[in-house]
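The structure appears right after this line, and notes come after that.
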Amino acid sequence: MVNKAVAYIKKEGPAKAYDTFTEKNPEFVDRDLYVVVYHTSGTVLAHGANKKMVGKDLKDATDVDGKPYVKERLALAASKGTFWQGYKFANPVTKKIEPKEMYCQKQDETIVCAGIYKR
């Protein structure tokens with residue numbers, strides 16, 4: 001889904017793509033799988049599960065275990081470009097905090113991600 005999202009951004013442009021991701025277009029949302037796009041500063045540019053997250057600076061966000069997952073994500077994007085990252089997050093389907101594995105790809109000054117919940 002991340003590769004598909006990156007291709008869509010390149011084809012349609014960031015503004016249209018971010019709106020599409022945030023509006024939960026079925027092409028980019030499948031149950032608990034959705035696209036999130038961050039600016040490399042930590043600001044959310046698109047969020048397929050929660051529109052209210054768009055525009056928020058999450059660089060200091062931590063998961064329930066205190067893990068600074070966004071700071072870690074920004075560092076991994078800067079050093080690796082493409083990576084998997086584990087942390088805990090609220091599943092939009094079950095509404096429970098669950099382990100999650102996020103796959104991310106740096107694209108210019110953004111980080112495009114989608115993750116799976118591990119049950």
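Chain labels run A, B, ... following the order of the structure tokens; each chain numbers its residues from 1, and ligands are numbered from 1 in the order shown.
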
Contacts of Tyr117 of chain A at 12 Å (only C-alpha atoms; same-chain gap of 6+ positions) as a ChimeraX atom specification: /A:31-34,85-103

Can you list, as a PDB file with N, CA and C atoms, in the first residue's frame, every protein, DNA or RNA residue that comes within 6 Å of segment 35-51 of chain A when you count only C-alpha atoms, leaving out same-chain residues fewer than 3 positions away?
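Generated output (around.pdb):
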```
ATOM      1  N   TYR A  18      -3.002  13.629  -0.540  1.00  0.00           N
ATOM      2  CA  TYR A  18      -3.211  13.701   0.906  1.00  0.00           C
ATOM      3  C   TYR A  18      -4.698  13.774   1.231  1.00  0.00           C
ATOM      4  N   PHE A  21      -6.123  10.235   0.743  1.00  0.00           N
ATOM      5  CA  PHE A  21      -5.759   9.345   1.845  1.00  0.00           C
ATOM      6  C   PHE A  21      -6.596   9.661   3.092  1.00  0.00           C
ATOM      7  N   THR A  22      -6.744  10.939   3.400  1.00  0.00           N
ATOM      8  CA  THR A  22      -7.443  11.370   4.603  1.00  0.00           C
ATOM      9  C   THR A  22      -8.950  11.129   4.514  1.00  0.00           C
ATOM     10  N   LYS A  24     -10.341   8.639   3.461  1.00  0.00           N
ATOM     11  CA  LYS A  24     -10.564   7.196   3.576  1.00  0.00           C
ATOM     12  C   LYS A  24     -11.021   6.559   2.271  1.00  0.00           C
ATOM     13  N   VAL A  54      -4.431  15.474  11.048  1.00  0.00           N
ATOM     14  CA  VAL A  54      -3.794  16.272   9.995  1.00  0.00           C
ATOM     15  C   VAL A  54      -3.455  17.663  10.542  1.00  0.00           C
ATOM     16  N   GLY A  55      -2.197  18.066  10.327  1.00  0.00           N
ATOM     17  CA  GLY A  55      -1.719  19.365  10.779  1.00  0.00           C
ATOM     18  C   GLY A  55      -1.069  19.339  12.154  1.00  0.00           C
ATOM     19  N   LYS A  56      -1.184  18.233  12.863  1.00  0.00           N
ATOM     20  CA  LYS A  56      -0.598  18.141  14.200  1.00  0.00           C
ATOM     21  C   LYS A  56       0.875  17.754  14.130  1.00  0.00           C
ATOM     22  N   ASP A  57       1.663  18.382  14.975  1.00  0.00           N
ATOM     23  CA  ASP A  57       3.078  18.044  15.110  1.00  0.00           C
ATOM     24  C   ASP A  57       3.172  16.924  16.139  1.00  0.00           C
ATOM     25  N   LEU A  58       3.543  15.743  15.691  1.00  0.00           N
ATOM     26  CA  LEU A  58       3.594  14.580  16.574  1.00  0.00           C
ATOM     27  C   LEU A  58       5.005  14.136  16.935  1.00  0.00           C
ATOM     28  N   LYS A  59       6.000  14.979  16.656  1.00  0.00           N
ATOM     29  CA  LYS A  59       7.380  14.527  16.867  1.00  0.00           C
ATOM     30  C   LYS A  59       7.655  14.100  18.309  1.00  0.00           C
ATOM     31  N   GLU A 109      10.611  15.298   1.182  1.00  0.00           N
ATOM     32  CA  GLU A 109      10.586  15.779   2.566  1.00  0.00           C
ATOM     33  C   GLU A 109       9.438  15.169   3.359  1.00  0.00           C
ATOM     34  N   THR A 110       8.946  14.011   2.908  1.00  0.00           N
ATOM     35  CA  THR A 110       7.848  13.352   3.603  1.00  0.00           C
ATOM     36  C   THR A 110       8.192  11.899   3.889  1.00  0.00           C
ATOM     37  N   ILE A 111       7.379  11.301   4.752  1.00  0.00           N
ATOM     38  CA  ILE A 111       7.496   9.880   5.076  1.00  0.00           C
ATOM     39  C   ILE A 111       6.101   9.287   4.891  1.00  0.00           C
ATOM     40  N   VAL A 112       5.986   8.356   3.960  1.00  0.00           N
ATOM     41  CA  VAL A 112       4.713   7.720   3.640  1.00  0.00           C
ATOM     42  C   VAL A 112       4.684   6.361   4.323  1.00  0.00           C
ATOM     43  N   CYS A 113       3.626   6.102   5.118  1.00  0.00           N
ATOM     44  CA  CYS A 113       3.581   4.890   5.936  1.00  0.00           C
ATOM     45  C   CYS A 113       2.220   4.204   5.873  1.00  0.00           C
ATOM     46  N   ALA A 114       2.243   2.914   6.131  1.00  0.00           N
ATOM     47  CA  ALA A 114       1.030   2.124   6.371  1.00  0.00           C
ATOM     48  C   ALA A 114       1.452   0.984   7.280  1.00  0.00           C
TER      49      ALA A 114
END
```

Residue set, chain A restricted to strand (DSSP E), as a PyMOL selection string: chain A and resi 29-30+33-39+44-47+82-90+97-107+110-117

Please provide the set of residues having any atom within 9 Å of Asn3 of chain A, restricted to only C-alpha atoms, with same-chain residues fewer than 3 positions apart removed, written as an mmCIF file with N, CA, C and O atoms, in the first residue's frame.
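Wrote around30.cif, looks like this:
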```cif
data_model
loop_
_atom_site.group_PDB
_atom_site.id
_atom_site.type_symbol
_atom_site.label_atom_id
_atom_site.label_comp_id
_atom_site.auth_asym_id
_atom_site.auth_seq_id
_atom_site.Cartn_x
_atom_site.Cartn_y
_atom_site.Cartn_z
ATOM 1 N N VAL A 6 2.800 6.151 -2.732
ATOM 2 C CA VAL A 6 3.886 6.971 -3.296
ATOM 3 C C VAL A 6 3.644 7.208 -4.786
ATOM 4 O O VAL A 6 3.791 8.329 -5.272
ATOM 5 N N ALA A 7 3.254 6.176 -5.506
ATOM 6 C CA ALA A 7 2.960 6.323 -6.940
ATOM 7 C C ALA A 7 1.806 7.297 -7.155
ATOM 8 O O ALA A 7 1.835 8.119 -8.082
ATOM 9 N N TYR A 8 0.799 7.239 -6.293
ATOM 10 C CA TYR A 8 -0.358 8.130 -6.402
ATOM 11 C C TYR A 8 0.054 9.582 -6.141
ATOM 12 O O TYR A 8 -0.395 10.491 -6.833
ATOM 13 N N GLN A 105 8.325 4.745 3.901
ATOM 14 C CA GLN A 105 9.243 5.078 2.817
ATOM 15 C C GLN A 105 9.395 6.595 2.758
ATOM 16 O O GLN A 105 8.402 7.324 2.700
ATOM 17 N N VAL A 112 5.986 8.356 3.960
ATOM 18 C CA VAL A 112 4.713 7.720 3.640
ATOM 19 C C VAL A 112 4.684 6.361 4.323
ATOM 20 O O VAL A 112 5.601 5.552 4.155
#
```

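With atom CA of Leu76 of chain A on one side and atom CA of Asn25 of chain A on the other, the separation reads 27.7 Å.
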
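The coordinates place atom CA of Ile116 of chain A at 10.5 Å from atom CA of Trp84 of chain A.
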
Atomic separation - atom CA of Phe28 of chain A relative to atom CA of Met1 of chain A, Å: 6.9 Å

DSSP alpha helix (DSSP H) selection over segment 27-72 of chain A, as a ChimeraX atom specification: /A:69-72

Selected residues written out, N, CA and C atoms, as a PDB file, in the first residue's frame:
```pdb
ATOM      1  N   TYR A  69       7.762   7.017  19.234  1.00  0.00           N
ATOM      2  CA  TYR A  69       7.698   6.357  17.926  1.00  0.00           C
ATOM      3  C   TYR A  69       7.829   7.319  16.743  1.00  0.00           C
ATOM      4  N   VAL A  70       7.378   8.548  16.884  1.00  0.00           N
ATOM      5  CA  VAL A  70       7.500   9.473  15.748  1.00  0.00           C
ATOM      6  C   VAL A  70       8.946   9.950  15.620  1.00  0.00           C
ATOM      7  N   LYS A  71       9.589  10.282  16.725  1.00  0.00           N
ATOM      8  CA  LYS A  71      11.013  10.665  16.667  1.00  0.00           C
ATOM      9  C   LYS A  71      11.831   9.532  16.054  1.00  0.00           C
ATOM     10  N   GLU A  72      11.541   8.309  16.485  1.00  0.00           N
ATOM     11  CA  GLU A  72      12.236   7.152  15.938  1.00  0.00           C
ATOM     12  C   GLU A  72      11.969   7.028  14.439  1.00  0.00           C
TER      13      GLU A  72
END
```
